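Coordinates as given in upload-v7.cif (mmCIF, C-alpha atoms and all ligand atoms):
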```cif
data_structure
loop_
_atom_site.label_atom_id
_atom_site.label_comp_id
_atom_site.auth_asym_id
_atom_site.auth_seq_id
_atom_site.Cartn_x
_atom_site.Cartn_y
_atom_site.Cartn_z
CA MET V 1 0.00 0.00 0.00
CA VAL V 2 1.15 3.55 -0.69
CA ALA V 3 2.26 5.31 2.52
CA VAL V 4 -0.16 8.07 3.57
CA ASP V 5 1.37 10.97 5.46
CA ARG V 6 -1.35 11.77 8.01
CA THR V 7 -1.54 14.76 10.29
CA LEU V 8 -3.23 13.36 13.39
CA PRO V 9 -3.47 15.95 16.17
CA SER V 10 -2.54 13.96 19.32
CA ASP V 11 -0.84 10.84 20.71
CA GLU V 12 -4.31 9.53 21.53
CA SER V 13 -5.47 9.86 17.92
CA ARG V 14 -2.26 8.28 16.62
CA ALA V 15 -2.80 5.28 18.93
CA LEU V 16 -6.43 5.10 17.80
CA PHE V 17 -5.31 5.07 14.19
CA GLU V 18 -2.91 2.18 14.83
CA LEU V 19 -5.82 0.21 16.30
CA VAL V 20 -7.89 1.00 13.20
CA GLN V 21 -5.11 -0.14 10.86
CA ASP V 22 -4.79 -3.37 12.82
CA LEU V 23 -8.54 -4.05 12.66
CA CYS V 24 -8.58 -3.22 8.93
CA ALA V 25 -5.82 -5.77 8.29
CA LYS V 26 -7.34 -8.49 10.46
CA GLU V 27 -11.10 -8.04 10.10
CA LEU V 28 -11.84 -6.09 6.90
CA ALA V 29 -9.21 -6.97 4.28
CA PRO V 30 -9.66 -10.76 4.52
CA ARG V 31 -13.47 -10.51 4.13
CA ALA V 32 -14.18 -7.64 1.72
CA ALA V 33 -13.99 -9.34 -1.70
CA GLU V 34 -15.70 -12.54 -0.54
CA TYR V 35 -18.60 -10.82 1.25
CA GLU V 36 -19.17 -8.40 -1.64
CA ALA V 37 -19.30 -11.27 -4.13
CA ALA V 38 -21.69 -13.21 -1.88
CA GLU V 39 -23.80 -10.09 -1.11
CA ARG V 40 -23.35 -10.88 2.58
CA PHE V 41 -23.93 -8.20 5.22
CA PRO V 42 -21.01 -8.08 7.69
CA ARG V 43 -23.00 -7.55 10.89
CA GLU V 44 -20.27 -9.20 12.98
CA VAL V 45 -17.64 -6.75 11.69
CA PHE V 46 -19.76 -3.80 12.85
CA ARG V 47 -19.99 -5.51 16.24
CA THR V 48 -16.21 -5.86 16.42
CA LEU V 49 -15.78 -2.19 15.49
CA GLY V 50 -18.44 -1.24 18.04
CA GLN V 51 -16.62 -3.12 20.80
CA ALA V 52 -13.45 -1.21 19.86
CA GLY V 53 -15.37 2.07 20.25
CA LEU V 54 -15.30 2.90 16.53
CA LEU V 55 -19.07 3.35 16.07
CA SER V 56 -19.25 6.40 18.31
CA LEU V 57 -16.07 8.39 17.69
CA PRO V 58 -17.44 11.91 17.09
CA TYR V 59 -19.96 11.86 19.96
CA ASP V 60 -19.84 13.16 23.49
CA GLU V 61 -17.97 10.98 26.02
CA GLN V 62 -20.71 11.77 28.56
CA TYR V 63 -23.04 9.47 26.58
CA GLY V 64 -20.49 6.81 25.70
CA GLY V 65 -19.05 8.49 22.61
CA GLY V 66 -15.37 8.66 21.71
CA GLY V 67 -15.11 12.46 22.05
CA GLN V 68 -12.95 12.70 18.92
CA PRO V 69 -12.83 15.74 16.62
CA TYR V 70 -14.19 15.32 13.09
CA GLU V 71 -10.64 15.63 11.80
CA VAL V 72 -9.84 12.28 13.46
CA TYR V 73 -13.19 10.56 13.00
CA LEU V 74 -13.17 11.19 9.24
CA GLN V 75 -9.66 9.86 8.77
CA VAL V 76 -10.80 6.68 10.51
CA VAL V 77 -13.80 6.47 8.12
CA GLU V 78 -11.39 6.99 5.20
CA GLU V 79 -9.13 4.14 6.35
CA LEU V 80 -12.12 1.80 6.85
CA ALA V 81 -13.43 2.65 3.35
CA ARG V 82 -9.94 2.12 1.92
CA HIS V 83 -10.28 -1.51 3.03
CA TRP V 84 -14.02 -1.95 2.54
CA LEU V 85 -16.55 0.71 1.50
CA THR V 86 -19.51 -1.21 2.96
CA ILE V 87 -17.91 -0.74 6.40
CA GLY V 88 -16.69 2.86 5.97
CA LEU V 89 -20.05 4.00 4.63
CA GLY V 90 -21.87 1.93 7.26
CA VAL V 91 -20.00 3.69 10.07
CA SER V 92 -20.81 7.06 8.49
CA VAL V 93 -24.52 6.16 8.16
CA HIS V 94 -24.62 4.97 11.78
CA SER V 95 -23.18 8.36 12.86
CA LEU V 96 -25.81 10.09 10.71
CA ALA V 97 -28.56 8.07 12.42
CA CYS V 98 -27.30 9.12 15.89
CA TYR V 99 -26.93 12.79 14.90
CA GLY V 100 -30.56 13.88 15.45
CA LEU V 101 -30.84 12.61 19.01
CA ALA V 102 -27.29 13.70 19.96
CA ASN V 103 -27.76 17.28 18.70
CA PHE V 104 -31.49 17.97 19.07
CA GLY V 105 -32.69 15.52 21.75
CA SER V 106 -33.59 16.58 25.30
CA GLU V 107 -31.22 15.67 28.14
CA GLU V 108 -33.76 13.09 29.27
CA GLN V 109 -33.97 11.47 25.82
CA LYS V 110 -30.20 11.47 25.41
CA GLY V 111 -29.68 9.92 28.84
CA LYS V 112 -32.22 7.22 28.05
CA TRP V 113 -31.24 6.13 24.51
CA LEU V 114 -27.91 7.57 23.40
CA PRO V 115 -25.61 5.33 25.50
CA GLY V 116 -27.23 2.26 23.90
CA MET V 117 -27.00 3.72 20.40
CA LEU V 118 -23.33 4.62 20.90
CA GLY V 119 -22.46 1.52 22.93
CA GLY V 120 -21.22 -0.52 20.00
CA ASP V 121 -23.81 -3.31 19.86
CA GLN V 122 -26.47 -1.30 18.07
CA LEU V 123 -26.49 -0.15 14.46
CA GLY V 124 -28.57 2.75 13.12
CA ALA V 125 -30.38 3.73 9.92
CA TYR V 126 -31.27 7.19 8.61
CA CYS V 127 -34.58 7.35 6.75
CA LEU V 128 -35.23 10.46 4.64
CA SER V 129 -35.67 9.28 1.01
CA GLU V 130 -38.95 7.93 -0.34
CA PRO V 131 -39.83 6.35 -3.70
CA GLN V 132 -41.19 9.68 -5.03
CA SER V 133 -38.99 12.12 -3.10
CA GLY V 134 -35.21 11.86 -3.42
CA SER V 135 -33.47 15.14 -4.25
CA ASP V 136 -36.72 16.94 -3.40
CA ALA V 137 -36.65 15.43 0.08
CA ALA V 138 -39.06 17.98 1.57
CA ALA V 139 -41.83 16.49 -0.62
CA LEU V 140 -41.90 13.35 1.53
CA THR V 141 -45.36 11.95 2.28
CA THR V 142 -44.89 9.37 5.07
CA ARG V 143 -47.50 10.51 7.55
CA ALA V 144 -47.41 10.40 11.36
CA VAL V 145 -50.61 11.10 13.29
CA LEU V 146 -50.55 11.68 17.04
CA SER V 147 -53.13 9.77 19.10
CA GLY V 148 -55.86 11.67 21.00
CA ASP V 149 -54.04 11.18 24.31
CA ALA V 150 -50.76 12.35 22.68
CA SER V 151 -49.00 9.12 23.68
CA VAL V 152 -48.19 7.52 20.32
CA TYR V 153 -47.67 8.34 16.62
CA THR V 154 -49.25 6.07 14.00
CA VAL V 155 -46.98 6.13 10.96
CA ASN V 156 -47.92 5.15 7.39
CA GLY V 157 -45.71 5.34 4.32
CA THR V 158 -42.59 3.95 2.64
CA LYS V 159 -38.98 4.98 3.12
CA ALA V 160 -36.76 4.06 0.16
CA TRP V 161 -33.07 3.20 -0.32
CA ILE V 162 -32.43 2.80 3.38
CA THR V 163 -28.91 1.63 4.24
CA HIS V 164 -29.07 -1.08 6.98
CA SER V 165 -32.84 -1.55 6.50
CA GLY V 166 -33.83 -4.69 8.37
CA GLN V 167 -30.38 -4.92 10.00
CA ALA V 168 -30.48 -1.77 12.10
CA ASP V 169 -31.58 -1.59 15.73
CA PHE V 170 -32.91 1.98 15.46
CA TYR V 171 -34.27 4.15 12.65
CA THR V 172 -34.23 7.95 12.53
CA LEU V 173 -37.43 8.55 10.55
CA MET V 174 -38.37 11.80 8.82
CA VAL V 175 -42.18 11.93 8.71
CA ARG V 176 -44.89 14.41 7.86
CA THR V 177 -46.91 15.69 10.82
CA SER V 178 -48.59 18.57 8.95
CA ASP V 179 -49.08 19.78 5.37
CA ASN V 180 -46.88 22.82 5.92
CA GLY V 181 -44.16 21.82 3.38
CA ALA V 182 -40.66 21.46 4.84
CA LYS V 183 -41.98 22.94 8.12
CA GLY V 184 -44.46 20.04 8.42
CA ILE V 185 -41.72 17.41 8.80
CA SER V 186 -40.76 15.86 12.14
CA ALA V 187 -38.07 13.40 13.27
CA LEU V 188 -38.94 10.20 15.14
CA LEU V 189 -36.52 7.68 16.59
CA ALA V 190 -38.08 4.25 16.02
CA GLU V 191 -36.82 0.98 17.43
CA GLY V 192 -36.09 -1.88 15.03
CA ASP V 193 -38.91 -4.01 16.41
CA THR V 194 -41.56 -1.25 16.22
CA PRO V 195 -44.98 -2.87 15.63
CA GLY V 196 -46.18 -2.10 12.08
CA MET V 197 -42.66 -1.56 10.68
CA SER V 198 -41.25 -4.08 8.20
CA PHE V 199 -38.54 -4.17 5.57
CA GLY V 200 -38.48 -4.59 1.79
CA LYS V 201 -36.39 -6.94 -0.31
CA PRO V 202 -32.77 -5.71 -0.62
CA GLU V 203 -32.06 -3.76 -3.83
CA GLN V 204 -29.86 -5.50 -6.41
CA LYS V 205 -27.08 -2.93 -6.64
CA MET V 206 -24.20 -2.19 -9.02
CA GLY V 207 -21.74 -2.17 -6.13
CA MET V 208 -21.50 -2.17 -2.36
CA ARG V 209 -23.46 -5.40 -2.48
CA GLY V 210 -22.44 -6.41 1.02
CA SER V 211 -24.34 -3.38 2.33
CA VAL V 212 -28.09 -3.86 2.61
CA THR V 213 -30.21 -1.16 0.92
CA ALA V 214 -33.99 -1.67 1.14
CA GLN V 215 -37.29 0.01 1.81
CA VAL V 216 -38.68 0.54 5.30
CA LEU V 217 -42.42 -0.15 5.20
CA LEU V 218 -44.58 1.65 7.73
CA ASP V 219 -48.08 0.24 7.97
CA GLY V 220 -49.73 1.73 11.04
CA ALA V 221 -46.35 1.66 12.81
CA GLN V 222 -46.65 2.63 16.48
CA VAL V 223 -43.90 5.02 17.63
CA PRO V 224 -44.22 6.36 21.20
CA ALA V 225 -44.61 10.18 21.26
CA GLU V 226 -41.68 10.44 23.70
CA ARG V 227 -39.52 9.44 20.69
CA LEU V 228 -40.12 12.72 18.84
CA ILE V 229 -36.71 14.42 18.42
CA GLY V 230 -36.83 18.20 18.84
CA THR V 231 -40.26 19.70 18.21
CA GLU V 232 -42.94 18.91 15.62
CA GLY V 233 -41.95 20.68 12.40
CA GLN V 234 -38.23 20.70 13.20
CA GLY V 235 -37.50 17.44 11.37
CA PHE V 236 -36.31 18.88 8.08
CA SER V 237 -33.74 21.16 9.71
CA ILE V 238 -32.56 18.18 11.77
CA ALA V 239 -32.29 16.12 8.56
CA LEU V 240 -30.32 18.83 6.72
CA SER V 241 -28.02 19.51 9.66
CA ALA V 242 -27.26 15.76 9.88
CA LEU V 243 -26.58 15.62 6.15
CA GLU V 244 -24.12 18.52 6.36
CA ALA V 245 -22.00 16.39 8.71
CA GLY V 246 -22.81 13.18 6.81
CA ARG V 247 -21.49 14.59 3.54
CA LEU V 248 -18.06 14.83 5.10
CA GLY V 249 -18.33 11.11 5.86
CA ILE V 250 -19.13 10.43 2.19
CA ALA V 251 -16.16 12.59 1.11
CA ALA V 252 -13.87 10.60 3.44
CA CYS V 253 -15.27 7.32 2.05
CA ALA V 254 -14.55 8.54 -1.49
CA VAL V 255 -10.94 9.37 -0.60
CA GLY V 256 -10.62 5.89 0.97
CA VAL V 257 -11.86 4.11 -2.16
CA ALA V 258 -9.66 6.29 -4.40
CA GLN V 259 -6.64 5.58 -2.16
CA ALA V 260 -7.35 1.83 -2.43
CA ALA V 261 -7.46 2.12 -6.25
CA LEU V 262 -4.18 4.08 -6.22
CA ASP V 263 -2.56 1.48 -3.92
CA ALA V 264 -3.55 -1.32 -6.30
CA ALA V 265 -2.52 0.59 -9.43
CA VAL V 266 0.95 1.46 -8.09
CA GLU V 267 1.58 -2.14 -7.03
CA TYR V 268 0.44 -3.50 -10.38
CA ALA V 269 2.27 -0.94 -12.52
CA THR V 270 5.58 -1.65 -10.80
CA ALA V 271 5.18 -5.43 -11.25
CA ARG V 272 3.65 -5.67 -14.73
CA GLN V 273 6.24 -5.87 -17.51
CA GLN V 274 5.69 -4.91 -21.14
CA PHE V 275 8.35 -4.15 -23.78
CA GLY V 276 10.93 -5.50 -21.32
CA ARG V 277 10.25 -3.09 -18.46
CA ALA V 278 7.74 -2.23 -15.74
CA ILE V 279 4.79 -0.34 -17.21
CA SER V 280 5.24 2.31 -14.45
CA GLU V 281 8.40 3.37 -16.32
CA PHE V 282 6.34 4.48 -19.31
CA GLN V 283 5.53 8.13 -18.88
CA GLY V 284 1.94 7.56 -20.03
CA VAL V 285 1.37 5.29 -17.02
CA GLY V 286 3.65 7.09 -14.55
CA PHE V 287 1.92 10.42 -15.19
CA MET V 288 -1.49 8.77 -14.72
CA LEU V 289 -0.31 7.49 -11.31
CA ALA V 290 1.01 10.96 -10.47
CA ASP V 291 -2.35 12.56 -11.32
CA MET V 292 -4.20 9.94 -9.27
CA ALA V 293 -1.96 10.51 -6.23
CA THR V 294 -2.35 14.29 -6.54
CA SER V 295 -6.15 14.03 -6.76
CA VAL V 296 -6.36 11.79 -3.69
CA ALA V 297 -4.17 14.17 -1.66
CA VAL V 298 -6.21 17.22 -2.72
CA GLY V 299 -9.45 15.39 -1.86
CA ARG V 300 -8.13 14.52 1.60
CA ALA V 301 -7.09 18.14 2.15
CA ALA V 302 -10.58 19.31 1.09
CA TYR V 303 -12.50 17.17 3.58
CA LEU V 304 -9.99 17.88 6.35
CA ALA V 305 -10.28 21.64 5.79
CA ALA V 306 -14.08 21.40 6.16
CA ALA V 307 -13.72 19.09 9.19
CA ARG V 308 -11.35 21.52 10.92
CA ARG V 309 -13.87 24.33 10.42
CA ARG V 310 -16.51 22.14 12.05
CA ASP V 311 -14.17 21.28 14.92
CA ALA V 312 -13.51 25.00 15.42
CA GLY V 313 -17.25 25.74 15.61
CA LEU V 314 -17.28 27.63 12.29
CA PRO V 315 -19.94 27.24 9.57
CA TYR V 316 -18.85 24.44 7.25
CA GLY V 317 -21.89 23.56 5.07
CA THR V 318 -20.53 24.98 1.82
CA GLU V 319 -17.11 23.45 2.41
CA ALA V 320 -18.76 20.08 3.17
CA ALA V 321 -20.74 20.25 -0.08
CA MET V 322 -17.55 21.17 -1.98
CA ALA V 323 -15.63 18.30 -0.38
CA LYS V 324 -18.42 15.81 -1.13
CA LEU V 325 -18.63 17.00 -4.75
CA PHE V 326 -14.88 17.08 -5.38
CA CYS V 327 -13.96 13.86 -3.56
CA THR V 328 -16.68 11.70 -5.10
CA ASP V 329 -16.08 12.95 -8.67
CA MET V 330 -12.37 12.45 -8.00
CA ALA V 331 -12.95 8.88 -6.76
CA MET V 332 -14.92 8.06 -9.92
CA LYS V 333 -12.04 9.28 -12.10
CA VAL V 334 -9.25 7.70 -10.03
CA THR V 335 -10.96 4.30 -9.87
CA THR V 336 -11.64 4.40 -13.64
CA ASP V 337 -7.96 5.26 -14.27
CA ALA V 338 -6.92 2.40 -11.98
CA VAL V 339 -8.85 -0.03 -14.22
CA GLN V 340 -6.98 1.47 -17.18
CA VAL V 341 -3.61 0.86 -15.50
CA PHE V 342 -4.53 -2.82 -15.13
CA GLY V 343 -5.49 -3.14 -18.83
CA GLY V 344 -7.67 -6.21 -19.53
CA TYR V 345 -7.00 -7.61 -16.07
CA GLY V 346 -8.63 -4.53 -14.59
CA TYR V 347 -11.89 -5.47 -16.27
CA THR V 348 -12.11 -8.78 -14.43
CA ALA V 349 -13.06 -9.75 -10.90
CA ASP V 350 -9.56 -11.21 -10.40
CA PHE V 351 -8.42 -7.80 -9.18
CA PRO V 352 -10.31 -5.40 -6.90
CA VAL V 353 -10.17 -2.30 -9.13
CA GLU V 354 -13.38 -3.10 -11.05
CA ARG V 355 -15.14 -3.29 -7.67
CA TYR V 356 -13.70 0.06 -6.59
CA MET V 357 -14.99 1.62 -9.83
CA ARG V 358 -18.51 0.23 -9.23
CA GLU V 359 -18.40 1.34 -5.61
CA ALA V 360 -17.23 4.88 -6.38
CA LYS V 361 -20.34 5.51 -8.49
CA VAL V 362 -22.78 5.40 -5.59
CA LEU V 363 -20.87 8.12 -3.74
CA GLN V 364 -21.81 10.62 -6.47
CA ILE V 365 -25.48 9.82 -5.71
CA VAL V 366 -26.00 9.38 -1.95
CA GLU V 367 -26.62 12.12 0.65
CA GLY V 368 -27.49 14.63 -2.06
CA THR V 369 -26.46 13.91 -5.65
CA ASN V 370 -23.56 15.91 -6.99
CA GLN V 371 -26.05 18.06 -8.91
CA VAL V 372 -27.65 18.89 -5.56
CA GLN V 373 -24.20 19.74 -4.11
CA ARG V 374 -23.70 22.16 -7.00
CA LEU V 375 -27.08 23.74 -6.18
CA VAL V 376 -26.00 24.18 -2.55
CA ILE V 377 -22.65 25.71 -3.56
CA SER V 378 -24.02 27.96 -6.32
CA ARG V 379 -26.69 29.34 -3.96
CA THR V 380 -23.99 30.60 -1.61
CA LEU V 381 -22.43 32.44 -4.56
CA THR V 382 -25.59 33.94 -5.98
CA ARG V 383 -27.61 34.43 -2.77
CA PRO V 384 -25.02 35.38 -0.17
C1 LIG Q 1 -26.88 2.58 -2.21
C2 LIG Q 1 -27.75 3.70 -1.75
C3 LIG Q 1 -27.88 3.94 -0.39
C4 LIG Q 1 -28.72 4.96 0.07
N1 LIG Q 1 -28.90 5.12 1.44
C5 LIG Q 1 -29.84 6.01 1.88
C6 LIG Q 1 -30.14 6.09 3.28
O1 LIG Q 1 -29.55 5.39 4.12
N2 LIG Q 1 -31.12 6.96 3.67
C7 LIG Q 1 -31.79 7.75 2.79
O2 LIG Q 1 -32.65 8.50 3.23
N3 LIG Q 1 -31.52 7.70 1.44
C8 LIG Q 1 -30.57 6.84 0.98
N4 LIG Q 1 -30.29 6.76 -0.38
C9 LIG Q 1 -31.06 7.57 -1.31
C10 LIG Q 1 -30.24 8.69 -1.94
O3 LIG Q 1 -29.99 9.69 -1.00
C11 LIG Q 1 -31.05 9.18 -3.18
O4 LIG Q 1 -30.94 8.17 -4.15
C12 LIG Q 1 -30.55 10.50 -3.69
O5 LIG Q 1 -30.83 11.54 -2.79
C13 LIG Q 1 -31.18 10.86 -5.05
O6 LIG Q 1 -32.56 10.71 -5.04
P1 LIG Q 1 -33.28 9.86 -6.20
O7 LIG Q 1 -32.57 8.56 -6.30
O8 LIG Q 1 -34.73 9.85 -5.93
O9 LIG Q 1 -32.97 10.66 -7.55
P2 LIG Q 1 -33.77 11.92 -8.12
O10 LIG Q 1 -33.95 12.94 -7.06
O11 LIG Q 1 -34.98 11.45 -8.84
O12 LIG Q 1 -32.73 12.48 -9.18
C14 LIG Q 1 -32.55 11.92 -10.47
C15 LIG Q 1 -31.52 12.76 -11.23
O13 LIG Q 1 -32.04 14.12 -11.37
C16 LIG Q 1 -31.10 15.03 -10.82
N5 LIG Q 1 -31.81 16.16 -10.21
C17 LIG Q 1 -32.87 16.11 -9.37
N6 LIG Q 1 -33.24 17.34 -9.01
C18 LIG Q 1 -32.36 18.21 -9.60
C19 LIG Q 1 -32.20 19.62 -9.61
N7 LIG Q 1 -33.00 20.42 -8.90
N8 LIG Q 1 -31.20 20.15 -10.35
C20 LIG Q 1 -30.36 19.34 -11.06
N9 LIG Q 1 -30.47 18.00 -11.09
C21 LIG Q 1 -31.46 17.44 -10.37
C22 LIG Q 1 -30.32 14.24 -9.78
O14 LIG Q 1 -29.06 14.84 -9.52
C23 LIG Q 1 -30.21 12.89 -10.46
O15 LIG Q 1 -29.13 12.91 -11.39
C24 LIG Q 1 -29.42 5.77 -0.85
C25 LIG Q 1 -29.25 5.55 -2.24
C26 LIG Q 1 -28.45 4.53 -2.68
C27 LIG Q 1 -28.32 4.29 -4.17
#
```
Let me see the structure of the file written as structure tokens.
Ligand SMILES: Cc1cc2nc3c(=O)[nH]c(=O)nc-3n(C[C@H](O)[C@H](O)[C@H](O)COP(=O)(O)OP(=O)(O)OC[C@H]3O[C@@H](n4cnc5c(N)ncnc54)[C@H](O)[C@@H]3O)c2cc1C
Amino acid sequence: MVAVDRTLPSDESRALFELVQDLCAKELAPRAAEYEAAERFPREVFRTLGQAGLLSLPYDEQYGGGGQPYEVYLQVVEELARHWLTIGLGVSVHSLACYGLANFGSEEQKGKWLPGMLGGDQLGAYCLSEPQSGSDAAALTTRAVLSGDASVYTVNGTKAWITHSGQADFYTLMVRTSDNGAKGISALLAEGDTPGMSFGKPEQKMGMRGSVTAQVLLDGAQVPAERLIGTEGQGFSIALSALEAGRLGIAACAVGVAQAALDAAVEYATARQQFGRAISEFQGVGFMLADMATSVAVGRAAYLAAARRRDAGLPYGTEAAMAKLFCTDMAMKVTTDAVQVFGGYGYTADFPVERYMREAKVLQIVEGTNQVQRLVISRTLTRP
């Protein structure tokens, strides 16, 4: 693997990173190709990561979190994705699912549920998208009606494309509690065994086949009213605030996948001989490797710059959108170039680069497509 020169801020974070590298080598690398080919969800790997404290890194230590800055958390996500995107993205989605309660929940709610959610055994899902509302997320129609005695919400509707659907222990659900557009959306924290909640058949995906993506079906689902996060009508701002942080996770995943493609391409290009020498010695290949390495380093710098703004308490939404846009487009290009470096062998399942190329594609789509990121960025230019 190509050496990555990281700037971790403390001895504690350097020790943490060594633990992550060890787990990646022992638990992720030996499984990734096999599980992806078999479309097998690695629940036990998430448990191992949870026991090591890696499912709660950016959250408050008071509730069982790791108390790590985003700068550190995201580099961990990157390293996990470098070895297996299903895991890196899964950790990022779990963080996204915890975000609403951690940042908008009452002290009582946090005390009651957050330690369990951050404890390592549980896995979360974040449910915003619906079959008819993707980019236009505020058009969601899943309806929650409060009972006469205000004790329980009855929820009807379908959530689509949900990562960890059917595998997760808790679901952060964005639901409609009034017809007042984006202001009529509320956030509920549903348990996995909520009566009236069931799960669709997993989608047959281009890549990341080890990760389950399926609908969440709500047919008179009964969610206790005490599980409303924030106030009624606050759900869409909670969802957007979570996505701002989540996009940095996607950017870090993209850098991880691109780094993995670069690692493989460098190794192959130095070993593969044509015309009596290593193909890396041909400028056409060497320059491609140089461009790939430069792009990966710039992508890492972009997400870290946004993360450091967040850690400093500064606004970081535009920078997060830029990092998500740049890093995921970059990962698509770098993984495609890696296949090129491998020639015909790159087009087969004998080497991992075709998988990286398929995996990179989804990162341009999730948590706001890259067209939506451009909308977010251009609005800050034209409507300051
Ligand atoms: C593997 C996977 C995992 C996912 N996990 C989750 C999850 O855990 N939770 C969750 O809530 N969602 C999840 N999603 C859903 C994902 O966030 C949506 O797919 C995404 O937001 C796009 O929505 P859509 O698919 O409905 O596409 P659409 O919104 O229908 O967009 C179709 C095309 O039109 C473009 N477009 C739409 N509007 C505009 C516009 N105004 N300007 C320019 N272009 C536009 C889009 O960029 C896109 O190219 C997941 C999706 C996938 C594939």
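Taking all atoms listed in the file into account, ligand LIG 1 (chain Q) lies nearest to V:Lys159 out of the set V:Lys201, V:Lys159, V:Lys112, V:Arg300.
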Residues within 8 Å of ligand LIG 1 (chain Q), counting all atoms listed in the file, as a ChimeraX atom specification: /V:93,125-137,159-164,205,208,211,213,362,365-372,375
Nearest residue to Gly284 (chain V) out of V:Ala307, V:Ala150, V:Val341, V:Leu262, using only C-alpha atoms? V:Val341
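Minimum distance to Glu267 (chain V) across V:Arg308, V:Thr48, V:Val2, V:Glu107 (counting all atoms listed in the file) occurs at V:Val2.
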Selection: 10 Å around Leu304 (chain V), only C-alpha atoms, excl. self and same-chain fewer than 2 positions, as a list in words: Thr7, Tyr70, Glu71, Val72, Leu74, Gln75, Leu248, Ala251, Ala252, Val298, Gly299, Arg300, Ala301, Ala302, Ala306, Ala307, Arg308, Arg309, Arg310, Glu319, Ala320 and Ala323 of chain V
Given the selection you just returned, output its residues as a file containing C-alpha atoms, formatted as a PDB file, keeping the file's coordinate frame.
```pdb
ATOM      1  CA  THR V   7      -1.540  14.760  10.290  1.00  0.00           C
ATOM      2  CA  TYR V  70     -14.190  15.320  13.090  1.00  0.00           C
ATOM      3  CA  GLU V  71     -10.640  15.630  11.800  1.00  0.00           C
ATOM      4  CA  VAL V  72      -9.840  12.280  13.460  1.00  0.00           C
ATOM      5  CA  LEU V  74     -13.170  11.190   9.240  1.00  0.00           C
ATOM      6  CA  GLN V  75      -9.660   9.860   8.770  1.00  0.00           C
ATOM      7  CA  LEU V 248     -18.060  14.830   5.100  1.00  0.00           C
ATOM      8  CA  ALA V 251     -16.160  12.590   1.110  1.00  0.00           C
ATOM      9  CA  ALA V 252     -13.870  10.600   3.440  1.00  0.00           C
ATOM     10  CA  VAL V 298      -6.210  17.220  -2.720  1.00  0.00           C
ATOM     11  CA  GLY V 299      -9.450  15.390  -1.860  1.00  0.00           C
ATOM     12  CA  ARG V 300      -8.130  14.520   1.600  1.00  0.00           C
ATOM     13  CA  ALA V 301      -7.090  18.140   2.150  1.00  0.00           C
ATOM     14  CA  ALA V 302     -10.580  19.310   1.090  1.00  0.00           C
ATOM     15  CA  ALA V 306     -14.080  21.400   6.160  1.00  0.00           C
ATOM     16  CA  ALA V 307     -13.720  19.090   9.190  1.00  0.00           C
ATOM     17  CA  ARG V 308     -11.350  21.520  10.920  1.00  0.00           C
ATOM     18  CA  ARG V 309     -13.870  24.330  10.420  1.00  0.00           C
ATOM     19  CA  ARG V 310     -16.510  22.140  12.050  1.00  0.00           C
ATOM     20  CA  GLU V 319     -17.110  23.450   2.410  1.00  0.00           C
ATOM     21  CA  ALA V 320     -18.760  20.080   3.170  1.00  0.00           C
ATOM     22  CA  ALA V 323     -15.630  18.300  -0.380  1.00  0.00           C
TER      23      ALA V 323
END
```
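Note that CA of Gln259 (chain V) and CA of Ile279 (chain V) are 19.8 Å apart.
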